[in-house]
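One file, start.pdb, is given below (PDB, C-alpha atoms and all ligand atoms).
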```
ATOM      1  CA  MET A  62     -60.776 -28.763-138.017  1.00  0.00           C
ATOM      2  CA  SER A  63     -59.549 -25.573-139.701  1.00  0.00           C
ATOM      3  CA  THR A  64     -57.513 -25.408-142.919  1.00  0.00           C
ATOM      4  CA  ALA A  65     -54.672 -23.821-140.948  1.00  0.00           C
ATOM      5  CA  TYR A  66     -54.607 -26.832-138.620  1.00  0.00           C
ATOM      6  CA  TRP A  67     -54.293 -29.254-141.526  1.00  0.00           C
ATOM      7  CA  LEU A  68     -51.651 -27.157-143.292  1.00  0.00           C
ATOM      8  CA  LEU A  69     -49.584 -26.935-140.121  1.00  0.00           C
ATOM      9  CA  SER A  70     -49.952 -30.681-139.503  1.00  0.00           C
ATOM     10  CA  ILE A  71     -48.819 -31.511-143.051  1.00  0.00           C
ATOM     11  CA  ALA A  72     -45.866 -29.101-142.824  1.00  0.00           C
ATOM     12  CA  GLY A  73     -44.910 -30.596-139.445  1.00  0.00           C
ATOM     13  CA  GLY A  74     -45.138 -34.113-140.887  1.00  0.00           C
ATOM     14  CA  VAL A  75     -42.926 -33.245-143.865  1.00  0.00           C
ATOM     15  CA  ILE A  76     -40.295 -31.647-141.619  1.00  0.00           C
ATOM     16  CA  ALA A  77     -40.394 -34.616-139.201  1.00  0.00           C
ATOM     17  CA  LEU A  78     -39.950 -37.067-142.093  1.00  0.00           C
ATOM     18  CA  SER A  79     -37.057 -35.028-143.479  1.00  0.00           C
ATOM     19  CA  ILE A  80     -35.332 -35.318-140.097  1.00  0.00           C
ATOM     20  CA  VAL A  81     -36.076 -38.983-139.421  1.00  0.00           C
ATOM     21  CA  LEU A  82     -35.844 -40.779-142.806  1.00  0.00           C
ATOM     22  CA  PRO A  83     -32.209 -39.918-143.746  1.00  0.00           C
ATOM     23  CA  ALA A  84     -31.087 -41.500-140.470  1.00  0.00           C
ATOM     24  CA  PHE A  85     -32.101 -44.889-141.926  1.00  0.00           C
ATOM     25  CA  VAL A  86     -30.331 -44.506-145.273  1.00  0.00           C
ATOM     26  CA  GLY A  87     -27.045 -42.868-144.375  1.00  0.00           C
ATOM     27  CA  GLY A  88     -27.207 -40.528-141.418  1.00  0.00           C
ATOM     28  CA  ALA A  89     -29.304 -37.778-139.857  1.00  0.00           C
ATOM     29  CA  TRP A  90     -28.498 -34.129-140.477  1.00  0.00           C
ATOM     30  CA  SER A  91     -25.739 -32.731-138.281  1.00  0.00           C
ATOM     31  CA  PRO A  92     -23.718 -29.992-139.973  1.00  0.00           C
ATOM     32  CA  THR A  93     -19.920 -30.072-139.948  1.00  0.00           C
ATOM     33  CA  SER A  94     -18.456 -26.951-138.336  1.00  0.00           C
ATOM     34  CA  MET A  95     -16.985 -24.469-140.824  1.00  0.00           C
ATOM     35  CA  ALA A  96     -13.528 -24.897-139.249  1.00  0.00           C
ATOM     36  CA  ARG A  97     -13.758 -28.639-139.964  1.00  0.00           C
ATOM     37  CA  VAL A  98     -15.079 -28.040-143.493  1.00  0.00           C
ATOM     38  CA  ARG A  99     -12.004 -25.967-144.336  1.00  0.00           C
ATOM     39  CA  ALA A 100      -9.707 -28.491-142.621  1.00  0.00           C
ATOM     40  CA  MET A 101     -11.272 -31.334-144.659  1.00  0.00           C
ATOM     41  CA  LEU A 102     -10.721 -29.511-147.943  1.00  0.00           C
ATOM     42  CA  ARG A 103      -7.159 -28.537-147.032  1.00  0.00           C
ATOM     43  CA  LEU A 104      -6.328 -32.114-145.955  1.00  0.00           C
ATOM     44  CA  ALA A 105      -7.669 -33.346-149.305  1.00  0.00           C
ATOM     45  CA  ASN A 106      -5.372 -30.908-151.145  1.00  0.00           C
ATOM     46  CA  LEU A 107      -8.408 -29.824-153.165  1.00  0.00           C
ATOM     47  CA  ALA A 108      -7.083 -27.878-156.166  1.00  0.00           C
ATOM     48  CA  PRO A 109      -8.775 -25.341-158.482  1.00  0.00           C
ATOM     49  CA  GLY A 110     -10.721 -27.057-161.265  1.00  0.00           C
ATOM     50  CA  GLU A 111     -11.002 -30.398-159.445  1.00  0.00           C
ATOM     51  CA  THR A 112     -14.389 -32.024-158.924  1.00  0.00           C
ATOM     52  CA  LEU A 113     -15.631 -32.668-155.398  1.00  0.00           C
ATOM     53  CA  TYR A 114     -18.662 -34.722-154.381  1.00  0.00           C
ATOM     54  CA  ASP A 115     -20.192 -34.314-150.926  1.00  0.00           C
ATOM     55  CA  LEU A 116     -22.292 -37.384-150.089  1.00  0.00           C
ATOM     56  CA  GLY A 117     -25.190 -36.076-148.027  1.00  0.00           C
ATOM     57  CA  ALA A 118     -24.793 -32.365-148.734  1.00  0.00           C
ATOM     58  CA  GLY A 119     -26.934 -31.048-145.862  1.00  0.00           C
ATOM     59  CA  ASP A 120     -27.200 -27.267-146.176  1.00  0.00           C
ATOM     60  CA  GLY A 121     -24.487 -27.184-148.871  1.00  0.00           C
ATOM     61  CA  ARG A 122     -21.666 -25.790-146.756  1.00  0.00           C
ATOM     62  CA  ILE A 123     -19.004 -28.152-148.146  1.00  0.00           C
ATOM     63  CA  ILE A 124     -19.894 -27.757-151.827  1.00  0.00           C
ATOM     64  CA  LEU A 125     -20.175 -23.966-151.486  1.00  0.00           C
ATOM     65  CA  THR A 126     -16.860 -23.643-149.639  1.00  0.00           C
ATOM     66  CA  ALA A 127     -15.115 -25.947-152.142  1.00  0.00           C
ATOM     67  CA  ALA A 128     -16.152 -23.639-154.988  1.00  0.00           C
ATOM     68  CA  ARG A 129     -15.759 -20.257-153.268  1.00  0.00           C
ATOM     69  CA  GLU A 130     -12.522 -20.799-151.375  1.00  0.00           C
ATOM     70  CA  PHE A 131     -10.779 -23.564-153.354  1.00  0.00           C
ATOM     71  CA  GLY A 132     -11.943 -22.873-156.928  1.00  0.00           C
ATOM     72  CA  ALA A 133     -13.309 -26.406-157.308  1.00  0.00           C
ATOM     73  CA  ARG A 134     -16.345 -27.712-159.165  1.00  0.00           C
ATOM     74  CA  SER A 135     -18.659 -29.390-156.713  1.00  0.00           C
ATOM     75  CA  VAL A 136     -21.637 -31.699-156.633  1.00  0.00           C
ATOM     76  CA  GLY A 137     -23.815 -32.269-153.581  1.00  0.00           C
ATOM     77  CA  ILE A 138     -25.958 -35.379-153.284  1.00  0.00           C
ATOM     78  CA  GLU A 139     -28.804 -34.978-150.820  1.00  0.00           C
ATOM     79  CA  ILE A 140     -31.738 -37.323-150.286  1.00  0.00           C
ATOM     80  CA  ASP A 141     -33.898 -34.904-148.324  1.00  0.00           C
ATOM     81  CA  PRO A 142     -35.921 -32.609-150.614  1.00  0.00           C
ATOM     82  CA  LEU A 143     -35.988 -29.716-148.137  1.00  0.00           C
ATOM     83  CA  ARG A 144     -32.227 -29.653-147.698  1.00  0.00           C
ATOM     84  CA  ALA A 145     -31.674 -30.177-151.439  1.00  0.00           C
ATOM     85  CA  ALA A 146     -33.902 -27.130-152.051  1.00  0.00           C
ATOM     86  CA  LEU A 147     -31.925 -25.156-149.456  1.00  0.00           C
ATOM     87  CA  CYS A 148     -28.684 -26.069-151.253  1.00  0.00           C
ATOM     88  CA  ASN A 149     -30.153 -24.985-154.589  1.00  0.00           C
ATOM     89  CA  TRP A 150     -31.270 -21.690-153.128  1.00  0.00           C
ATOM     90  CA  ARG A 151     -27.818 -21.029-151.645  1.00  0.00           C
ATOM     91  CA  ILE A 152     -26.126 -21.936-154.947  1.00  0.00           C
ATOM     92  CA  ARG A 153     -28.322 -19.438-156.816  1.00  0.00           C
ATOM     93  CA  LEU A 154     -27.894 -16.780-154.144  1.00  0.00           C
ATOM     94  CA  GLY A 155     -24.110 -17.119-154.471  1.00  0.00           C
ATOM     95  CA  ARG A 156     -24.359 -17.129-158.298  1.00  0.00           C
ATOM     96  CA  LEU A 157     -22.374 -20.372-158.362  1.00  0.00           C
ATOM     97  CA  GLN A 158     -24.574 -22.344-160.793  1.00  0.00           C
ATOM     98  CA  ASP A 159     -21.712 -22.690-163.273  1.00  0.00           C
ATOM     99  CA  ARG A 160     -19.559 -24.569-160.755  1.00  0.00           C
ATOM    100  CA  VAL A 161     -21.848 -26.044-158.112  1.00  0.00           C
ATOM    101  CA  ARG A 162     -24.902 -28.268-158.359  1.00  0.00           C
ATOM    102  CA  VAL A 163     -26.969 -30.428-156.068  1.00  0.00           C
ATOM    103  CA  GLU A 164     -28.821 -33.615-156.963  1.00  0.00           C
ATOM    104  CA  ARG A 165     -31.739 -34.817-154.880  1.00  0.00           C
ATOM    105  CA  ALA A 166     -30.781 -38.471-154.862  1.00  0.00           C
ATOM    106  CA  ASN A 167     -29.593 -41.436-152.844  1.00  0.00           C
ATOM    107  CA  PHE A 168     -25.796 -41.352-153.076  1.00  0.00           C
ATOM    108  CA  PHE A 169     -25.619 -45.155-153.247  1.00  0.00           C
ATOM    109  CA  GLU A 170     -27.194 -44.780-156.710  1.00  0.00           C
ATOM    110  CA  VAL A 171     -24.980 -41.969-158.025  1.00  0.00           C
ATOM    111  CA  ASP A 172     -21.963 -42.619-160.242  1.00  0.00           C
ATOM    112  CA  LEU A 173     -18.801 -41.159-158.664  1.00  0.00           C
ATOM    113  CA  ARG A 174     -16.381 -41.881-161.515  1.00  0.00           C
ATOM    114  CA  ASP A 175     -15.558 -38.229-162.246  1.00  0.00           C
ATOM    115  CA  ALA A 176     -14.780 -37.333-158.619  1.00  0.00           C
ATOM    116  CA  ASP A 177     -11.326 -36.100-157.646  1.00  0.00           C
ATOM    117  CA  VAL A 178     -12.374 -35.708-154.012  1.00  0.00           C
ATOM    118  CA  VAL A 179     -15.287 -37.244-152.100  1.00  0.00           C
ATOM    119  CA  THR A 180     -16.313 -35.995-148.661  1.00  0.00           C
ATOM    120  CA  PHE A 181     -18.801 -37.461-146.225  1.00  0.00           C
ATOM    121  CA  TYR A 182     -20.096 -37.189-142.674  1.00  0.00           C
ATOM    122  CA  LEU A 183     -22.490 -40.104-142.246  1.00  0.00           C
ATOM    123  CA  SER A 184     -23.257 -43.111-140.053  1.00  0.00           C
ATOM    124  CA  GLN A 185     -20.624 -45.843-139.644  1.00  0.00           C
ATOM    125  CA  ALA A 186     -22.992 -48.251-141.427  1.00  0.00           C
ATOM    126  CA  ALA A 187     -23.026 -45.937-144.467  1.00  0.00           C
ATOM    127  CA  ALA A 188     -19.210 -45.662-144.408  1.00  0.00           C
ATOM    128  CA  ASP A 189     -19.003 -49.470-144.365  1.00  0.00           C
ATOM    129  CA  ARG A 190     -21.322 -49.737-147.391  1.00  0.00           C
ATOM    130  CA  LEU A 191     -19.589 -46.956-149.314  1.00  0.00           C
ATOM    131  CA  LYS A 192     -16.231 -48.723-149.186  1.00  0.00           C
ATOM    132  CA  ASP A 193     -17.144 -51.172-151.992  1.00  0.00           C
ATOM    133  CA  LYS A 194     -18.629 -48.364-154.096  1.00  0.00           C
ATOM    134  CA  PHE A 195     -15.475 -46.271-153.738  1.00  0.00           C
ATOM    135  CA  GLU A 196     -13.268 -49.224-154.686  1.00  0.00           C
ATOM    136  CA  ALA A 197     -15.418 -49.921-157.751  1.00  0.00           C
ATOM    137  CA  GLU A 198     -15.814 -46.353-159.013  1.00  0.00           C
ATOM    138  CA  LEU A 199     -13.073 -43.987-157.853  1.00  0.00           C
ATOM    139  CA  ARG A 200      -9.977 -43.597-160.016  1.00  0.00           C
ATOM    140  CA  PRO A 201      -6.443 -44.008-158.610  1.00  0.00           C
ATOM    141  CA  GLY A 202      -5.370 -40.788-156.917  1.00  0.00           C
ATOM    142  CA  ALA A 203      -8.886 -39.715-155.938  1.00  0.00           C
ATOM    143  CA  ARG A 204      -9.125 -38.669-152.287  1.00  0.00           C
ATOM    144  CA  VAL A 205     -11.811 -39.644-149.805  1.00  0.00           C
ATOM    145  CA  VAL A 206     -12.244 -37.475-146.721  1.00  0.00           C
ATOM    146  CA  SER A 207     -14.332 -38.739-143.862  1.00  0.00           C
ATOM    147  CA  HIS A 208     -15.521 -36.761-140.877  1.00  0.00           C
ATOM    148  CA  ARG A 209     -15.669 -39.005-137.788  1.00  0.00           C
ATOM    149  CA  ARG A 210     -16.093 -42.365-139.603  1.00  0.00           C
ATOM    150  CA  PRO A 211     -12.923 -44.237-140.567  1.00  0.00           C
ATOM    151  CA  VAL A 212     -13.353 -46.512-143.589  1.00  0.00           C
ATOM    152  CA  PRO A 213     -12.937 -50.054-142.203  1.00  0.00           C
ATOM    153  CA  GLY A 214      -9.816 -51.862-143.457  1.00  0.00           C
ATOM    154  CA  TRP A 215      -8.309 -48.797-145.121  1.00  0.00           C
ATOM    155  CA  ARG A 216      -5.119 -47.113-143.973  1.00  0.00           C
ATOM    156  CA  PRO A 217      -5.458 -43.309-143.991  1.00  0.00           C
ATOM    157  CA  ALA A 218      -2.917 -41.137-145.780  1.00  0.00           C
ATOM    158  CA  ALA A 219      -3.533 -38.413-143.186  1.00  0.00           C
ATOM    159  CA  VAL A 220      -5.460 -38.102-139.936  1.00  0.00           C
ATOM    160  CA  ASP A 221      -6.503 -35.016-137.973  1.00  0.00           C
ATOM    161  CA  GLU A 222      -7.243 -36.673-134.651  1.00  0.00           C
ATOM    162  CA  ARG A 223      -8.377 -33.521-132.897  1.00  0.00           C
ATOM    163  CA  ARG A 224     -11.068 -32.860-135.494  1.00  0.00           C
ATOM    164  CA  GLY A 225     -11.824 -36.531-136.262  1.00  0.00           C
ATOM    165  CA  LEU A 226     -10.875 -36.351-139.951  1.00  0.00           C
ATOM    166  CA  TYR A 227      -9.506 -39.188-142.106  1.00  0.00           C
ATOM    167  CA  VAL A 228      -8.092 -38.860-145.633  1.00  0.00           C
ATOM    168  CA  TYR A 229      -7.573 -41.794-148.004  1.00  0.00           C
ATOM    169  CA  VAL A 230      -5.924 -41.799-151.431  1.00  0.00           C
ATOM    170  CA  MET A 231      -7.335 -44.400-153.815  1.00  0.00           C
ATOM    171  CA  GLY A 232      -4.811 -46.883-155.122  1.00  0.00           C
ATOM    172  CA  LYS A 233      -2.104 -45.791-152.704  1.00  0.00           C
ATOM    173  CA  THR A 234      -3.029 -45.981-149.113  1.00  0.00           C
ATOM    174  CA  HIS A 235      -6.587 -47.172-149.112  1.00  0.00           C
ATOM    175  CA  ALA A 236      -5.747 -50.871-148.968  1.00  0.00           C
ATOM    176  CA  ALA A 237      -4.990 -52.181-145.504  1.00  0.00           C
ATOM    177  CA  ASP A 238      -1.505 -53.497-144.821  1.00  0.00           C
ATOM    178  CA  THR A 239      -1.791 -57.240-144.664  1.00  0.00           C
TER     179      THR A 239
HETATM  180  C1  LIG B   1     -24.440 -35.514-140.925  1.00  0.00           C
HETATM  181  S1  LIG B   1     -25.231 -34.668-142.298  1.00  0.00           S
HETATM  182  C2  LIG B   1     -23.812 -33.962-143.114  1.00  0.00           C
HETATM  183  C3  LIG B   1     -24.153 -32.731-143.944  1.00  0.00           C
HETATM  184  C4  LIG B   1     -22.947 -32.086-144.646  1.00  0.00           C
HETATM  185  N1  LIG B   1     -22.228 -33.014-145.485  1.00  0.00           N
HETATM  186  C5  LIG B   1     -21.999 -31.526-143.626  1.00  0.00           C
HETATM  187  O1  LIG B   1     -20.944 -32.139-143.398  1.00  0.00           O
HETATM  188  O2  LIG B   1     -22.331 -30.473-143.038  1.00  0.00           O
HETATM  189  C6  LIG B   1     -25.718 -36.056-143.350  1.00  0.00           C
HETATM  190  C7  LIG B   1     -26.591 -35.666-144.528  1.00  0.00           C
HETATM  191  O3  LIG B   1     -26.678 -36.796-145.396  1.00  0.00           O
HETATM  192  C8  LIG B   1     -27.990 -36.895-145.919  1.00  0.00           C
HETATM  193  N2  LIG B   1     -28.169 -38.294-146.320  1.00  0.00           N
HETATM  194  C9  LIG B   1     -28.257 -39.384-145.498  1.00  0.00           C
HETATM  195  N3  LIG B   1     -28.359 -40.519-146.232  1.00  0.00           N
HETATM  196  C10 LIG B   1     -28.321 -40.144-147.542  1.00  0.00           C
HETATM  197  C11 LIG B   1     -28.360 -40.881-148.773  1.00  0.00           C
HETATM  198  N4  LIG B   1     -28.449 -42.228-148.788  1.00  0.00           N
HETATM  199  N5  LIG B   1     -28.283 -40.185-149.943  1.00  0.00           N
HETATM  200  C12 LIG B   1     -28.177 -38.815-149.932  1.00  0.00           C
HETATM  201  N6  LIG B   1     -28.146 -38.072-148.793  1.00  0.00           N
HETATM  202  C13 LIG B   1     -28.201 -38.720-147.610  1.00  0.00           C
HETATM  203  C14 LIG B   1     -28.875 -36.432-144.760  1.00  0.00           C
HETATM  204  O4  LIG B   1     -30.156 -36.009-145.211  1.00  0.00           O
HETATM  205  C15 LIG B   1     -28.037 -35.298-144.169  1.00  0.00           C
HETATM  206  O5  LIG B   1     -28.362 -34.059-144.758  1.00  0.00           O
END
```

Any chance you could put this one into structure tokens?
Ligand SMILES: C[S@@+](CC[C@H](N)C(=O)[O-])C[C@H]1O[C@@H](n2cnc3c(N)ncnc32)[C@H](O)[C@@H]1O
Amino acid sequence: MSTAYWLLSIAGGVIALSIVLPAFVGGAWSPTSMARVRAMLRLANLAPGETLYDLGAGDGRIILTAAREFGARSVGIEIDPLRAALCNWRIRLGRLQDRVRVERANFFEVDLRDADVVTFYLSQAAADRLKDKFEAELRPGARVVSHRRPVPGWRPAAVDERRGLYVYVMGKTHAADT
């Protein structure tokens, strides 16, 4: 077998793993449309200087838009090394290193205490697991914006039904009416 064959096989294996593995720990890659990204950030009332976390940053579109168009500081958490590298490259290309960073990590293990806004587009199982983490770590007034996955038992402060977006405000509307 030639060296080229082995190199191509290894590269193919790495790319296949990067597609398949995240599906088991939070959700496979499927980028949010740019129209939805802007709608999510508007619905969250993201203000200049606030800190946004995107859980599962993908290609970095949410963290980059939060900084460029809303003047926020943003942090992307991405488990896949290829997509984390892509985010880093886009951050450097946009000269946004002072306001945007990406961590290659599992978001279940990242402290979210300094977040003003958290966004995510993940599996329903991940949304279910994140609920306890949000309740333990997010300060009152922090906003959680979900694309497609309502947080079970929480009452949204705002919903964009057409785009499938849900916004929750910690300490105000996140607890279900009982
Ligand atoms: C549906 S994509 C959303 C990407 C981006 N947030 C967007 O809206 O365009 C989900 C992303 O989450 C990442 N992911 C899944 N589970 C994760 C975990 N436990 N920790 C960090 N990233 C994770 C995947 O690799 C994938 O890039």

Which residue gives the smallest distance to ligand LIG 1 (chain B) among A:Tyr66, A:Phe181, A:Trp150, A:Tyr229, with all atoms listed in the file counted? A:Phe181

What are the nearest atom pairs, with distances in Å to one decimal, for all residues of chain A that come at most 10 Å from ligand LIG 1 (chain B), using all atoms listed in the file, set out by chain and rising residue number as a Markdown table?
```
| residue | atom | partner | partner_atom | distance |
| --- | --- | --- | --- | --- |
| A:Ser79 | CA | B:LIG1 | O4 | 7.2 |
| A:Ile80 | CA | B:LIG1 | O4 | 7.3 |
| A:Val81 | CA | B:LIG1 | O4 | 8.8 |
| A:Leu82 | CA | B:LIG1 | O4 | 7.8 |
| A:Pro83 | CA | B:LIG1 | C9 | 4.4 |
| A:Ala84 | CA | B:LIG1 | C9 | 6.1 |
| A:Phe85 | CA | B:LIG1 | N3 | 7.2 |
| A:Val86 | CA | B:LIG1 | N3 | 4.6 |
| A:Gly87 | CA | B:LIG1 | N3 | 3.3 |
| A:Gly88 | CA | B:LIG1 | C9 | 4.4 |
| A:Ala89 | CA | B:LIG1 | C14 | 5.1 |
| A:Trp90 | CA | B:LIG1 | S1 | 3.8 |
| A:Ser91 | CA | B:LIG1 | C1 | 4.1 |
| A:Pro92 | CA | B:LIG1 | O2 | 3.4 |
| A:Thr93 | CA | B:LIG1 | O2 | 3.9 |
| A:Ser94 | CA | B:LIG1 | O2 | 7.0 |
| A:Met95 | CA | B:LIG1 | O2 | 8.3 |
| A:Arg97 | CA | B:LIG1 | O1 | 8.7 |
| A:Val98 | CA | B:LIG1 | O1 | 7.2 |
| A:Met101 | CA | B:LIG1 | O1 | 9.8 |
| A:Tyr114 | CA | B:LIG1 | N1 | 9.7 |
| A:Asp115 | CA | B:LIG1 | N1 | 6.0 |
| A:Leu116 | CA | B:LIG1 | N6 | 6.0 |
| A:Gly117 | CA | B:LIG1 | O3 | 3.1 |
| A:Ala118 | CA | B:LIG1 | N1 | 4.2 |
| A:Gly119 | CA | B:LIG1 | O5 | 3.5 |
| A:Asp120 | CA | B:LIG1 | C4 | 6.6 |
| A:Gly121 | CA | B:LIG1 | C4 | 6.7 |
| A:Arg122 | CA | B:LIG1 | O2 | 6.0 |
| A:Ile123 | CA | B:LIG1 | C5 | 6.4 |
| A:Ile124 | CA | B:LIG1 | N1 | 8.6 |
| A:Gly137 | CA | B:LIG1 | N1 | 8.3 |
| A:Ile138 | CA | B:LIG1 | C12 | 5.3 |
| A:Glu139 | CA | B:LIG1 | N6 | 3.8 |
| A:Ile140 | CA | B:LIG1 | C12 | 3.9 |
| A:Asp141 | CA | B:LIG1 | O4 | 5.0 |
| A:Pro142 | CA | B:LIG1 | O4 | 8.6 |
| A:Leu143 | CA | B:LIG1 | O4 | 9.1 |
| A:Arg144 | CA | B:LIG1 | O5 | 6.6 |
| A:Ala145 | CA | B:LIG1 | O5 | 8.4 |
| A:Glu164 | CA | B:LIG1 | C12 | 8.8 |
| A:Arg165 | CA | B:LIG1 | C12 | 7.3 |
| A:Ala166 | CA | B:LIG1 | C12 | 5.6 |
| A:Asn167 | CA | B:LIG1 | N5 | 3.4 |
| A:Phe168 | CA | B:LIG1 | N5 | 4.2 |
| A:Phe169 | CA | B:LIG1 | N4 | 6.0 |
| A:Glu170 | CA | B:LIG1 | N5 | 8.3 |
| A:Val171 | CA | B:LIG1 | N5 | 8.9 |
| A:Thr180 | CA | B:LIG1 | N1 | 7.3 |
| A:Phe181 | CA | B:LIG1 | N1 | 5.7 |
| A:Tyr182 | CA | B:LIG1 | C2 | 4.9 |
| A:Leu183 | CA | B:LIG1 | C1 | 5.2 |
| A:Ser184 | CA | B:LIG1 | C1 | 7.7 |
| A:Ala187 | CA | B:LIG1 | N3 | 7.8 |
| A:Ser207 | CA | B:LIG1 | O1 | 9.4 |
| A:His208 | CA | B:LIG1 | O1 | 7.6 |
| A:Arg209 | CA | B:LIG1 | C1 | 9.9 |
```

Given the PyMOL selection byres (((chain A and resi 107) around 12) and not hetatm), the residues it picks as a JSON list (two decimals) with C-alpha atoms, in the coordinates of the input:
```json
[["chain", "number", "residue", "atom", "x", "y", "z"],
["A", 98, "VAL", "CA", -15.08, -28.04, -143.49],
["A", 99, "ARG", "CA", -12.00, -25.97, -144.34],
["A", 100, "ALA", "CA", -9.71, -28.49, -142.62],
["A", 101, "MET", "CA", -11.27, -31.33, -144.66],
["A", 102, "LEU", "CA", -10.72, -29.51, -147.94],
["A", 103, "ARG", "CA", -7.16, -28.54, -147.03],
["A", 104, "LEU", "CA", -6.33, -32.11, -145.96],
["A", 105, "ALA", "CA", -7.67, -33.35, -149.30],
["A", 106, "ASN", "CA", -5.37, -30.91, -151.15],
["A", 108, "ALA", "CA", -7.08, -27.88, -156.17],
["A", 109, "PRO", "CA", -8.78, -25.34, -158.48],
["A", 110, "GLY", "CA", -10.72, -27.06, -161.26],
["A", 111, "GLU", "CA", -11.00, -30.40, -159.44],
["A", 112, "THR", "CA", -14.39, -32.02, -158.92],
["A", 113, "LEU", "CA", -15.63, -32.67, -155.40],
["A", 114, "TYR", "CA", -18.66, -34.72, -154.38],
["A", 123, "ILE", "CA", -19.00, -28.15, -148.15],
["A", 124, "ILE", "CA", -19.89, -27.76, -151.83],
["A", 126, "THR", "CA", -16.86, -23.64, -149.64],
["A", 127, "ALA", "CA", -15.12, -25.95, -152.14],
["A", 128, "ALA", "CA", -16.15, -23.64, -154.99],
["A", 130, "GLU", "CA", -12.52, -20.80, -151.38],
["A", 131, "PHE", "CA", -10.78, -23.56, -153.35],
["A", 132, "GLY", "CA", -11.94, -22.87, -156.93],
["A", 133, "ALA", "CA", -13.31, -26.41, -157.31],
["A", 134, "ARG", "CA", -16.34, -27.71, -159.16],
["A", 135, "SER", "CA", -18.66, -29.39, -156.71],
["A", 176, "ALA", "CA", -14.78, -37.33, -158.62],
["A", 177, "ASP", "CA", -11.33, -36.10, -157.65],
["A", 178, "VAL", "CA", -12.37, -35.71, -154.01],
["A", 179, "VAL", "CA", -15.29, -37.24, -152.10],
["A", 180, "THR", "CA", -16.31, -35.99, -148.66],
["A", 202, "GLY", "CA", -5.37, -40.79, -156.92],
["A", 203, "ALA", "CA", -8.89, -39.72, -155.94],
["A", 204, "ARG", "CA", -9.12, -38.67, -152.29],
["A", 205, "VAL", "CA", -11.81, -39.64, -149.80],
["A", 206, "VAL", "CA", -12.24, -37.48, -146.72],
["A", 228, "VAL", "CA", -8.09, -38.86, -145.63]]
```

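Going from atom CA of Arg162 of chain A to atom CA of Trp215 of chain A covers 29.5 Å.
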
What does the structure give for the distance between atom CA of Ala72 of chain A and atom CA of Val136 of chain A, in Å to one decimal?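 Interatomic distance, atom CA of Ala72 of chain A to atom CA of Val136 of chain A: 28.0 Å.
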
Go ahead and compute the interatomic distance for atom CA of Thr234 of chain A and atom CA of Pro217 of chain A, in Å to one decimal. 6.3 Å
